[in-house]
Amino acid sequence: MSTRKDEKYYIDLINEVIAEGPYEPTWSSLAKAKVPEWFSERRLGIFMHWGPYSVPAAFNEWYSRNMYKQDMDAFQYHIDTFGSQKDFGYKDFIPMLTAENWDPDDWFDLFHDAGAGYIFPVAEHHDGFQMYDSDLSEWNAAKMGPKRDVAGIMSKKAKDHDLIFCTSTHRAEHWFFMGHGKEFESDIKEPLKKGDFYWPAMPEPDPEDLFSQPYPSEEFLNDWIARTAEIIVKYEPALLYFDWWIQHEAFKPYLKKIMAFYYNMGKKWGRDVMICYKHDACAFGSGIVEVERGGFAAAKPYPWQTDTAVAHNSWCYTKTLDYKDPLDIIFTLIDVVSKNGNLLLNVGPKADGTLPEGDRHILTELAAWMKINGEAINGTRVWRKSFEGPTEYEEGQFKTQDLSKYTSSDYRFTTTGDAIYAIAIKASEDGNYTIRSLGESEDQNIPEFHGIIKDVKVLGHDGDVSFCTDTKGLHVEVPGFTSKYPVTIKVIVE
């Protein structure tokens, strides 16, 4: 019979595993960790925001905070729709998170067909509800709501579908996430004690100074590190993602300890594991750099990841999702891979466990494109140039690219073996393409392309392809062939 593990158990285990090494809780030691080899082979992951916030399905996944914040639209919406926050609080959504129609095999078939190689369900969001079976809190999916170990089921099912299980924890922000509920008469009120769903509900930091007082307490930080260790021990994720606010200086010693514990546990499991982080929360080289809803203008010499969602306005399911065009998702995947990155694409299941039709449409369109062009994505590496073309990419977080500006002269490059893939962001209307970077160099002393082109193919086109080179580039002709999505030109070289 299993014995319930408490916070002390996990903190003692962390110290024991760190003492055994080889990783120590120092940046110099953690920087020696290796990015898992599979990360550059499987270029697409699927993020999943699913929790009690999926029940009201309104605004976004911050509903638990905003329904208590009196200057937010969600505050009055909640009163009008569900009643006062005193009589119907956020906790009352939990029984409505039934997952009665959840079919993980259906999900994972769809993800795998879309070309995904790994999955990233959110284990705990800012709201504090654990989508896994926990000994440290009763407020979890195994005991309430779905009454199933959601993360545990996903970790097992992932293997059946050739998907690698990863997960994320957004617990850090829970320090203040429910704090506005104390500002008026609601179901969030003192005394709150450790273990309570809403605890600690501290005042939210000044938006101009996110690291203002009160700092997270030792009590909260011990709870945070124990919960994180529990996820690691129970589910053995290949990657672990931290959302923002762990860059707060109060987390630093705890963050280094949990990273050393996790990396050492990976060694015990016989594989490399790694943390994904944002906002320079970790020393460079100690984890995988994460860029939210954005990217880099040029290729990077290190692996990185961007996370974005199928909708512009939310990470979770809502009734008013502003869906992206599938082209937006396909472009993002092509662009980040050409620059040595991975795409973590988020979907938002409904409370009953079904995937919305809008999410399914995007995944189905992506699957159709990947069936033809996937060889230019998964298993590829950065070429000597990542792009060419007249359209500038706007670098940074939360940047939306205007795809209407892209032309058939805008390319992204990837490579593997003797193949160079030139992906035209917009299909040519007449089937003619010119790739300047693969032309003949006028000056042999300039380090341009000097390879011998043996053959050229256009993925998805069964007919002949005409091609020739001169100093203006590689000219490819595929008359009558066009597509509503990017076209991949495969160049075989000596």
# chains A, B, ... in the order shown; residues from 1 in each chain; ligands from 1

call {"tool": "select_by_dssp", "arguments": {"residues": "segment 289-494 of chain A", "states": "alpha helix (DSSP H)", "output": "VMD selection string"}}
result
chain A and resid 326 to 338 357 to 373

call {"tool": "closest_atom_pairs", "arguments": {"of": "segment 301-356 of chain A", "to": "segment 104-119 of chain A", "cutoff": "12 Å", "atoms": "only C-alpha atoms", "output": "Markdown table"}}
result
| residue | atom | partner | partner_atom | distance |
| --- | --- | --- | --- | --- |
| A:Pro326 | CA | A:Ala114 | CA | 11.8 |
| A:Ile329 | CA | A:Ala114 | CA | 11.4 |
| A:Ile330 | CA | A:Ala114 | CA | 10.6 |
| A:Leu333 | CA | A:Gly115 | CA | 10.7 |
| A:Asn342 | CA | A:Ala116 | CA | 10.5 |
| A:Leu343 | CA | A:Ala116 | CA | 9.4 |
| A:Leu344 | CA | A:Ile119 | CA | 8.5 |
| A:Leu345 | CA | A:Ala116 | CA | 9.2 |
| A:Asn346 | CA | A:Ile119 | CA | 9.7 |
| A:Val347 | CA | A:Phe111 | CA | 10.2 |
| A:Gly348 | CA | A:Trp107 | CA | 11.4 |
| A:Pro349 | CA | A:Trp107 | CA | 9.7 |
| A:Gly353 | CA | A:Pro104 | CA | 8.6 |
| A:Thr354 | CA | A:Trp107 | CA | 8.5 |
| A:Leu355 | CA | A:Trp107 | CA | 7.7 |
| A:Pro356 | CA | A:Trp107 | CA | 11.1 |

call {"tool": "closest_residue", "arguments": {"among": "A:Gly45, A:Pro121, A:Pro36, A:Gly358", "to": "Thr318 of chain A", "atoms": "only C-alpha atoms"}}
result
A:Gly358

call {"tool": "atom_distance", "arguments": {"atom1": "atom CA of Thr391 of chain A", "atom2": "atom CA of Ser466 of chain A"}}
result
26.5 Å

call {"tool": "closest_residue", "arguments": {"among": "A:Thr332, A:Ser314, A:Thr488, A:Thr434", "to": "Trp62 of chain A", "atoms": "only C-alpha atoms"}}
result
A:Ser314

call {"tool": "residues_around", "arguments": {"residues": "Tyr406 of chain A", "least_positions_apart": "6", "cutoff": "12 Å", "atoms": "only C-alpha atoms", "output": "ChimeraX atom specification"}}
result
/A:327-328,331,388-393,412,424-428,485-486

call {"tool": "closest_residue", "arguments": {"among": "A:Gln305, A:Asn432, A:Ser338, A:Thr400", "to": "Phe39 of chain A", "atoms": "only C-alpha atoms"}}
result
A:Gln305

call {"tool": "closest_residue", "arguments": {"among": "A:Glu494, A:Asp470, A:Asp127, A:Asp187", "to": "Asp418 of chain A", "atoms": "only C-alpha atoms"}}
result
A:Glu494

call {"tool": "residues_around", "arguments": {"residues": "segment 382-384 of chain A", "least_positions_apart": "2", "cutoff": "7 Å", "atoms": "only C-alpha atoms", "output": "list of chain:residue names"}}
result
A:Ser338, A:Lys339, A:Asn340, A:Ser386, A:Phe413, A:Thr414, A:Thr415
